[in-house]
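The next block is model_9.cif, given as mmCIF, C-alpha atoms (C1' of nucleotides).
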data_model
loop_
_atom_site.label_atom_id
_atom_site.label_comp_id
_atom_site.auth_asym_id
_atom_site.auth_seq_id
_atom_site.Cartn_x
_atom_site.Cartn_y
_atom_site.Cartn_z
CA MET A 1 -39.67 52.33 67.68
CA ASP A 2 -37.32 54.62 69.51
CA GLN A 3 -33.94 53.08 68.88
CA GLN A 4 -33.13 55.05 65.76
CA GLN A 5 -29.39 55.21 65.82
CA ARG A 6 -27.18 56.69 63.17
CA LEU A 7 -26.17 53.62 61.24
CA PRO A 8 -23.76 53.35 58.39
CA LYS A 9 -25.74 52.64 55.25
CA ASP A 10 -23.92 49.39 54.58
CA SER A 11 -24.39 48.01 58.08
CA TRP A 12 -27.01 45.56 56.88
CA GLU A 13 -28.52 44.00 53.77
CA ASP A 14 -32.13 43.16 53.05
CA HIS A 15 -32.89 39.68 51.70
CA ILE A 16 -36.69 39.51 51.97
CA HIS A 17 -37.10 36.82 54.67
CA THR A 18 -33.69 37.47 56.14
CA LEU A 19 -31.76 40.54 57.22
CA LYS A 20 -28.00 40.25 57.15
CA LEU A 21 -26.31 42.42 59.77
CA PHE A 22 -22.60 42.97 59.33
CA VAL A 23 -20.57 42.72 62.50
CA PRO A 24 -17.28 44.30 63.54
CA LYS A 25 -14.14 42.18 63.61
CA GLU A 26 -14.20 42.32 67.42
CA PHE A 27 -17.33 40.24 67.67
CA SER A 28 -18.08 36.70 68.78
CA PHE A 29 -21.61 35.40 68.34
CA GLN A 30 -20.77 32.49 70.63
CA GLU A 31 -19.62 34.74 73.49
CA ASN A 32 -22.85 36.72 73.30
CA LEU A 33 -24.83 33.50 73.14
CA ASN A 34 -23.04 32.28 76.27
CA TYR A 35 -24.07 35.45 78.04
CA LEU A 36 -27.69 35.13 76.92
CA GLN A 37 -27.79 31.55 78.19
CA ARG A 38 -26.86 32.52 81.71
CA SER A 39 -30.39 32.01 83.01
CA PRO A 40 -32.55 28.96 82.25
CA ASN A 41 -35.50 31.05 83.43
CA GLU A 42 -35.34 33.78 80.77
CA CYS A 43 -38.82 34.44 79.42
CA LEU A 44 -38.28 36.97 76.60
CA PHE A 45 -36.29 34.74 74.27
CA THR A 46 -35.28 31.12 73.84
CA ILE A 47 -32.12 29.57 72.50
CA ARG A 48 -32.10 26.40 70.45
CA ASN A 49 -29.21 25.02 68.40
CA ASP A 50 -27.15 28.19 68.69
CA SER A 51 -30.01 30.35 67.45
CA ILE A 52 -32.00 32.89 69.42
CA TYR A 53 -35.77 33.18 69.00
CA ARG A 54 -37.86 36.08 70.18
CA ALA A 55 -40.75 38.38 69.35
CA ILE A 56 -39.93 42.01 68.63
CA PRO A 57 -42.69 44.56 69.18
CA LEU A 58 -42.86 47.06 66.30
CA GLU A 59 -44.77 50.32 66.07
CA ASP A 60 -48.13 48.60 65.48
CA ASP A 61 -47.00 45.10 64.66
CA VAL A 62 -44.90 42.18 65.87
CA ALA A 63 -42.05 40.32 64.21
CA VAL A 64 -40.89 36.93 65.42
CA ILE A 65 -37.28 36.37 64.53
CA GLU A 66 -34.53 33.81 64.60
CA VAL A 67 -31.08 35.27 65.17
CA SER A 68 -28.09 33.18 64.17
CA ALA A 69 -24.49 33.53 63.06
CA GLU A 70 -23.53 33.34 59.45
CA ASN A 71 -20.74 30.90 58.67
CA HIS A 72 -17.46 32.22 60.03
CA GLU A 73 -19.38 34.80 62.05
CA GLN A 74 -18.92 37.56 59.48
CA ALA A 75 -22.53 38.58 59.96
CA ILE A 76 -25.66 37.96 61.98
CA LEU A 77 -28.68 36.58 60.18
CA VAL A 78 -32.15 37.68 61.25
CA ARG A 79 -34.84 35.44 59.79
CA PHE A 80 -38.55 36.22 60.09
CA LEU A 81 -40.71 33.35 61.27
CA GLY A 82 -44.25 32.39 60.31
CA ASN A 83 -46.19 35.14 58.61
CA THR A 84 -44.46 37.92 60.54
CA THR A 85 -42.21 39.12 57.72
CA PRO A 86 -42.82 42.87 57.58
CA THR A 87 -43.25 44.35 54.11
CA GLU A 88 -42.82 48.03 54.92
CA PRO A 89 -39.17 49.09 54.66
CA SER A 90 -39.51 51.17 57.83
CA LYS A 91 -40.44 48.11 59.87
CA ARG A 92 -37.60 46.08 58.42
CA THR A 93 -35.24 48.89 59.35
CA GLU A 94 -36.78 48.92 62.82
CA VAL A 95 -35.98 45.23 63.27
CA ALA A 96 -32.44 45.66 61.96
CA ASN A 97 -31.90 48.59 64.29
CA TYR A 98 -33.35 46.69 67.24
CA VAL A 99 -30.99 43.74 66.78
CA ARG A 100 -28.00 45.97 66.07
CA ASP A 101 -28.80 47.89 69.25
CA TRP A 102 -29.40 44.68 71.24
CA PHE A 103 -25.94 43.36 70.26
CA ASP A 104 -24.35 46.82 70.47
CA LEU A 105 -22.90 46.41 66.98
CA ASN A 106 -22.24 50.12 66.53
CA THR A 107 -19.54 50.38 69.17
CA ASP A 108 -15.90 50.07 68.17
CA LEU A 109 -14.23 47.94 70.84
CA VAL A 110 -10.66 48.47 69.62
CA PRO A 111 -9.91 51.30 72.08
CA PHE A 112 -11.41 49.26 74.94
CA TYR A 113 -9.27 46.23 74.14
CA SER A 114 -6.23 48.43 73.81
CA MET A 115 -6.89 49.99 77.21
CA ALA A 116 -7.64 46.59 78.77
CA GLU A 117 -4.24 45.17 77.81
CA THR A 118 -2.54 47.01 80.63
CA ASP A 119 -5.31 46.55 83.22
CA PRO A 120 -4.77 43.62 85.59
CA MET A 121 -8.43 42.63 85.75
CA LEU A 122 -9.63 43.62 82.30
CA SER A 123 -6.78 41.87 80.52
CA GLN A 124 -8.06 38.59 81.98
CA ALA A 125 -11.64 39.48 81.13
CA VAL A 126 -10.89 40.39 77.54
CA GLN A 127 -8.92 37.22 77.05
CA SER A 128 -11.73 35.10 78.47
CA PHE A 129 -14.63 36.80 76.68
CA TYR A 130 -13.14 38.26 73.50
CA GLY A 131 -15.89 39.44 71.17
CA LEU A 132 -18.52 39.84 73.89
CA ARG A 133 -20.70 42.92 73.47
CA ASN A 134 -22.67 44.78 76.09
CA MET A 135 -25.92 43.00 75.28
CA GLY A 136 -28.47 45.70 75.80
CA ILE A 137 -32.09 46.18 76.77
CA PRO A 138 -33.32 48.47 73.98
CA ASP A 139 -36.73 49.05 75.55
CA LEU A 140 -36.50 51.72 78.27
CA PHE A 141 -39.48 50.47 80.27
CA GLU A 142 -38.09 46.93 80.26
CA ALA A 143 -34.65 48.17 81.34
CA LEU A 144 -36.12 50.21 84.21
CA CYS A 145 -38.37 47.38 85.37
CA TRP A 146 -35.53 44.87 85.19
CA GLY A 147 -33.37 47.18 87.26
CA ILE A 148 -36.11 47.65 89.85
CA LEU A 149 -37.04 43.96 89.93
CA GLY A 150 -33.40 42.99 90.46
CA GLN A 151 -32.76 45.32 93.37
CA GLN A 152 -31.50 43.55 96.48
CA ILE A 153 -32.47 40.03 95.42
CA ASN A 154 -30.48 37.27 93.81
CA LEU A 155 -30.48 37.00 90.06
CA ALA A 156 -32.39 33.72 89.98
CA TYR A 157 -35.30 35.23 91.85
CA ALA A 158 -35.15 38.35 89.70
CA TYR A 159 -35.75 36.14 86.67
CA THR A 160 -38.67 34.49 88.41
CA LEU A 161 -40.22 37.88 89.17
CA LYS A 162 -39.70 39.00 85.59
CA ARG A 163 -41.38 35.86 84.29
CA ARG A 164 -44.40 36.37 86.56
CA PHE A 165 -44.65 40.02 85.56
CA VAL A 166 -44.37 39.28 81.84
CA GLU A 167 -46.79 36.35 81.90
CA ALA A 168 -49.33 38.34 83.91
CA PHE A 169 -49.26 41.62 81.98
CA GLY A 170 -47.23 41.14 78.80
CA ARG A 171 -48.38 40.20 75.34
CA ARG A 172 -48.03 36.76 73.84
CA ILE A 173 -47.90 35.65 70.25
CA GLU A 174 -47.95 32.16 68.83
CA CYS A 175 -45.79 31.44 65.84
CA GLU A 176 -44.94 28.12 64.20
CA GLY A 177 -46.29 26.27 67.23
CA GLU A 178 -44.24 28.16 69.82
CA VAL A 179 -45.36 30.82 72.29
CA TYR A 180 -43.40 34.07 72.53
CA TRP A 181 -43.83 36.68 75.25
CA MET A 182 -43.21 40.40 74.98
CA PHE A 183 -42.52 42.70 77.87
CA PRO A 184 -45.51 44.71 79.11
CA ARG A 185 -45.75 48.29 77.85
CA PRO A 186 -46.07 51.25 80.20
CA GLU A 187 -49.72 51.62 79.18
CA ASP A 188 -50.35 48.01 80.23
CA ILE A 189 -49.07 48.74 83.73
CA ALA A 190 -49.91 52.37 84.48
CA PRO A 191 -53.65 51.76 85.11
CA LEU A 192 -52.96 48.99 87.64
CA ARG A 193 -52.89 49.27 91.41
CA VAL A 194 -50.48 47.70 93.88
CA GLU A 195 -53.08 45.01 94.67
CA ASP A 196 -53.06 43.93 91.03
CA LEU A 197 -49.37 43.02 91.36
CA GLY A 198 -49.91 41.12 94.61
CA GLY A 199 -49.60 37.71 92.98
CA LEU A 200 -46.04 38.38 91.88
CA ARG A 201 -44.76 38.14 95.46
CA MET A 202 -42.43 41.07 95.56
CA THR A 203 -42.29 43.94 98.00
CA VAL A 204 -45.05 46.53 98.00
CA LYS A 205 -42.35 49.11 97.35
CA LYS A 206 -41.23 47.38 94.17
CA CYS A 207 -44.85 47.36 92.98
CA GLU A 208 -45.14 51.08 93.68
CA TYR A 209 -41.91 51.79 91.83
CA LEU A 210 -43.04 49.85 88.75
CA LEU A 211 -46.39 51.65 88.69
CA GLY A 212 -44.67 55.00 89.17
CA VAL A 213 -42.28 54.46 86.27
CA ALA A 214 -45.12 53.23 84.04
CA GLY A 215 -47.08 56.38 84.85
CA LEU A 216 -44.16 58.69 84.08
CA MET A 217 -43.68 56.96 80.75
CA THR A 218 -47.33 57.03 79.68
CA ASP A 219 -47.31 60.74 80.57
CA GLY A 220 -44.32 61.23 78.29
CA LYS A 221 -42.24 62.58 81.16
CA LEU A 222 -39.67 59.82 80.84
CA THR A 223 -38.34 58.75 77.45
CA LYS A 224 -35.06 57.70 75.89
CA GLU A 225 -35.04 60.95 73.99
CA LEU A 226 -35.31 63.04 77.16
CA LEU A 227 -32.44 61.12 78.75
CA LEU A 228 -30.26 61.52 75.66
CA GLU A 229 -31.15 65.20 75.42
CA ALA A 230 -29.99 65.67 79.00
CA GLY A 231 -26.61 66.30 77.43
CA SER A 232 -24.35 64.35 79.76
CA LEU A 233 -24.20 61.19 81.80
CA LYS A 234 -24.40 63.18 85.02
CA LYS A 235 -27.53 65.04 83.93
CA ALA A 236 -29.23 61.89 82.67
CA GLU A 237 -28.33 60.17 85.94
CA LYS A 238 -29.87 63.05 87.85
CA GLN A 239 -33.08 62.78 85.82
CA LEU A 240 -33.40 59.12 86.73
CA ASP A 241 -32.19 59.50 90.30
CA GLY A 242 -35.08 61.81 91.05
CA ILE A 243 -37.60 59.08 90.35
CA ARG A 244 -38.88 57.09 93.30
CA GLY A 245 -37.33 53.63 93.29
CA ILE A 246 -34.37 54.63 91.17
CA GLY A 247 -31.09 55.28 92.95
CA PRO A 248 -27.52 55.51 91.70
CA TRP A 249 -27.29 51.80 90.91
CA THR A 250 -30.46 51.54 88.82
CA ALA A 251 -29.79 54.86 87.07
CA ASN A 252 -26.35 53.78 85.95
CA TYR A 253 -27.54 50.27 85.14
CA VAL A 254 -30.21 51.66 82.80
CA LEU A 255 -27.89 54.23 81.24
CA MET A 256 -25.47 51.40 80.59
CA ARG A 257 -27.84 48.71 79.26
CA CYS A 258 -30.39 50.88 77.47
CA LEU A 259 -28.99 54.33 76.69
CA ARG A 260 -25.56 52.85 76.05
CA MET A 261 -23.66 55.58 77.76
CA PRO A 262 -20.09 54.25 77.82
CA ALA A 263 -19.16 55.94 81.11
CA ALA A 264 -22.21 54.67 83.00
CA PHE A 265 -20.89 52.81 86.01
CA PRO A 266 -22.99 50.99 88.63
CA ILE A 267 -20.15 51.21 91.12
CA ASP A 268 -22.31 50.00 94.04
CA ASP A 269 -23.08 46.73 92.30
CA VAL A 270 -22.59 43.68 94.51
CA GLY A 271 -21.78 41.49 91.53
CA LEU A 272 -19.02 43.86 90.46
CA HIS A 273 -17.63 43.82 94.00
CA ASN A 274 -17.64 40.04 94.07
CA ALA A 275 -15.98 39.82 90.66
CA ILE A 276 -13.18 42.14 91.78
CA LYS A 277 -12.77 40.24 95.04
CA HIS A 278 -12.56 36.97 93.15
CA LEU A 279 -10.15 38.23 90.47
CA LEU A 280 -7.75 39.88 92.90
CA GLY A 281 -8.05 37.16 95.52
CA LEU A 282 -9.15 39.63 98.18
CA GLU A 283 -10.30 38.55 101.64
CA ALA A 284 -13.20 40.98 101.62
CA LYS A 285 -15.12 42.92 99.04
CA PRO A 286 -13.29 46.03 97.84
CA THR A 287 -14.25 49.40 99.26
CA LYS A 288 -15.64 52.11 97.05
CA LYS A 289 -12.33 53.96 97.30
CA GLU A 290 -10.44 50.88 96.12
CA ILE A 291 -12.82 50.43 93.19
CA LEU A 292 -12.35 54.06 92.18
CA GLU A 293 -8.60 53.52 92.19
CA LEU A 294 -8.83 50.26 90.24
CA SER A 295 -11.12 51.83 87.66
CA ALA A 296 -9.19 55.07 87.25
CA GLY A 297 -7.97 54.02 83.81
CA TRP A 298 -11.36 52.91 82.51
CA THR A 299 -12.50 56.38 81.51
CA ASN A 300 -15.43 56.18 79.10
CA TRP A 301 -15.30 52.39 79.12
CA GLU A 302 -16.69 51.86 82.63
CA SER A 303 -19.83 50.22 81.28
CA TYR A 304 -17.91 47.71 79.17
CA ALA A 305 -15.48 47.03 81.98
CA THR A 306 -18.38 46.26 84.32
CA PHE A 307 -20.13 44.07 81.79
CA TYR A 308 -17.00 42.03 81.14
CA LEU A 309 -16.23 41.60 84.85
CA TRP A 310 -19.78 40.40 85.53
CA ARG A 311 -19.14 37.53 83.14
CA PHE A 312 -16.78 35.97 85.66
CA LEU A 313 -19.75 35.44 87.98
CA TYR A 314 -22.78 34.51 85.90
"C1'" DT B 1 -30.71 28.00 110.07
"C1'" DG B 2 -28.98 32.22 108.87
"C1'" DC B 3 -26.91 35.12 105.58
"C1'" DC B 4 -26.69 37.22 101.38
"C1'" DA B 5 -28.87 38.80 97.02
"C1'" DG B 6 -26.69 42.87 90.10
"C1'" DG B 7 -30.58 48.60 96.34
"C1'" DT B 8 -33.62 52.33 97.83
"C1'" DA B 9 -36.26 55.42 100.74
"C1'" DA B 10 -36.99 57.10 105.02
"C1'" DA B 11 -35.47 57.94 109.47
"C1'" DC B 12 -31.98 59.49 112.16
"C1'" DA B 13 -27.43 61.43 113.87
"C1'" DT C 1 -23.84 65.22 104.56
"C1'" DG C 2 -23.30 60.70 106.23
"C1'" DT C 3 -25.00 56.30 108.46
"C1'" DT C 4 -28.67 52.90 109.79
"C1'" DT C 5 -32.78 50.18 109.01
"C1'" DA C 6 -37.06 48.16 106.92
"C1'" DC C 7 -38.38 46.09 103.06
"C1'" DA C 8 -40.04 40.30 101.31
"C1'" DT C 9 -38.46 36.42 99.56
"C1'" DG C 10 -35.59 32.94 97.47
"C1'" DG C 11 -31.30 30.38 97.08
"C1'" DC C 12 -27.82 28.00 99.13
#
For this file, write the structure as structure tokens.
Amino acid sequence: MDQQQRLPKDSWEDHIHTLKLFVPKEFSFQENLNYLQRSPNECLFTIRNDSIYRAIPLEDDVAVIEVSAENHEQAILVRFLGNTTPTEPSKRTEVANYVRDWFDLNTDLVPFYSMAETDPMLSQAVQSFYGLRNMGIPDLFEALCWGILGQQINLAYAYTLKRRFVEAFGRRIECEGEVYWMFPRPEDIAPLRVEDLGGLRMTVKKCEYLLGVAGLMTDGKLTKELLLEAGSLKKAEKQLDGIRGIGPWTANYVLMRCLRMPAAFPIDDVGLHNAIKHLLGLEAKPTKKEILELSAGWTNWESYATFYLWRFLY
DNA sequence: TGCCAGGTAAACA
DNA sequence: TGTTTACATGGC
């Protein structure tokens, strides 16, 4: 698909029905699993016996995979389920890249941990969640929709809206007796009208935003490549900010979870405010000025700092 | 019950 | 340029 990152050649091994992805030393499968289990209402993957199951959309195909930790967590094992084992090397690479991107395996966390040692809040976070990665949303349309769906509502309801949206317009595949859902594609949504989303029970504005983003993407005016080619975080943020329904929070959220820009920073995030309030024992939520002061040392790790602090809440 | 949710656009000063 | 308000509904 479109998550072709520059990977070291030895970052994974191919074993026919299983791909073995090597992980950095600063990695904990269990911590990432804990994060993924934060909602019982997640509809895009399931977790059973410390393994993750999900369907991955490929160029013109689907792979259903089980993701688990190798003994001693030296590697992640990706096993293909049913008859979904892809034969073409390009598709196998696509799956490996997708999972590596999902778990953010290509980022070296050593500098972040080193910086966090002297930060009052991050030192606690790193100690509590050592090995956690910024679990991403590799699909740009999914990341944008999730950002829009989650605006101004509690996380539980956001998951409900996502489930309704996915089960109404996404694709499903059955494999080994289980049903797996995949997020709708822009072309599934762009032809719809606001009335078609009426059953989801969200604001008319949210419906308009989703349709608008789907249209921009089917027109090729909004892609991961265009955002990366913007050349800087600020320019990419500006590209997104100009789209109806996307403000500073959603822009930075998407640049953080999907484009993996390390300095992306959703500074207006209520969850971040609550985490800081909780950690520092404040009476009220911190002001923007206070957050800027507290985060002054996080340069180029703002996204990781935010992700770790969120873990204190959810 | 009422207030707050992993905000944004539009209206207004 | 900065501040206020409507938006819809669920969770607690």
Query raised in the report: Which residues come within 9 Å of C:DG11, counting only C-alpha atoms (C1' of nucleotides), excluding same-chain residues fewer than 3 positions away, as a PyMOL selection string?
Result: (chain A and resi 154+156-157) or (chain B and resi 5)
Query raised in the report: Given a cut-off of 12 Å, which residues of chain B touch chain A, counting all atoms listed in the file, written out as a ChimeraX atom specification?
Result: /B:4-10
Report task. Can you turn the PyMOL selection byres ((chain C and resi 4) around 8) into a concrete residue list for this file, as number ranges by chain? Result -> B: 12; C: 3, 5
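What the PyMOL selection byres ((chain A and resi 114) around 12) grabs from this file is Glu26, Asp108, Leu109, Val110, Pro111, Phe112, Tyr113, Met115, Ala116, Glu117, Thr118, Asp119, Leu122, Ser123, Val126, Gln127, Gly297, Trp298 and Trp301 of chain A.
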Report task. Give me the result of the PyMOL selection byres ((chain C) within 10 of (chain A)) on this file, residue by residue, as a list in words. Result -> DC7, DA8, DT9, DG10 and DG11 of chain C
Dump of C-alpha atoms (C1' of nucleotides) for the selected residues, as an mmCIF file, in the frame of the given file:
data_model
loop_
_atom_site.group_PDB
_atom_site.id
_atom_site.type_symbol
_atom_site.label_atom_id
_atom_site.label_comp_id
_atom_site.auth_asym_id
_atom_site.auth_seq_id
_atom_site.Cartn_x
_atom_site.Cartn_y
_atom_site.Cartn_z
ATOM 1 C "C1'" DC C 7 -38.380 46.090 103.060
ATOM 2 C "C1'" DA C 8 -40.040 40.300 101.310
ATOM 3 C "C1'" DT C 9 -38.460 36.420 99.560
ATOM 4 C "C1'" DG C 10 -35.590 32.940 97.470
ATOM 5 C "C1'" DG C 11 -31.300 30.380 97.080
#
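Atom CA of A:Cys258 lies 6.4 Å from atom CA of A:Ala143.
We find atom CA of A:Ile189 and atom CA of A:Gly215 to be spaced 8.0 Å apart.
If you look at atom CA of A:Ala69 and atom CA of A:Glu13, they are 14.6 Å away from each other.
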Can you tell me which residues surround A:Lys285 at a distance of at most 8 Å, considering all atoms listed in the file, apart from same-chain residues fewer than 6 positions away, and format the answer as a tab-separated table (two decimals) with C-alpha atoms, in the frame of the given file?
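Output contents, as saved in out07.tsv:
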chain	number	residue	atom	x	y	z
A	273	HIS	CA	-17.63	43.82	94.00
A	274	ASN	CA	-17.64	40.04	94.07
A	276	ILE	CA	-13.18	42.14	91.78
A	277	LYS	CA	-12.77	40.24	95.04
Report summary line: Shortest contact to A:Phe312, candidates A:Leu36, A:Ala125, A:Leu161, A:Ile76, atoms counted all atoms listed in the file, goes to A:Ala125
What are the centre and the three edge lengths of an axis-aligned box that wraps all atoms of stretch 214-228 of chain A in the file, given that 6 Å is added to every side, written as JSON and rounded to one decimal in Å?
{"center_x": -38.8, "center_y": 58.1, "center_z": 79.4, "size_x": 29.1, "size_y": 21.8, "size_z": 22.9}
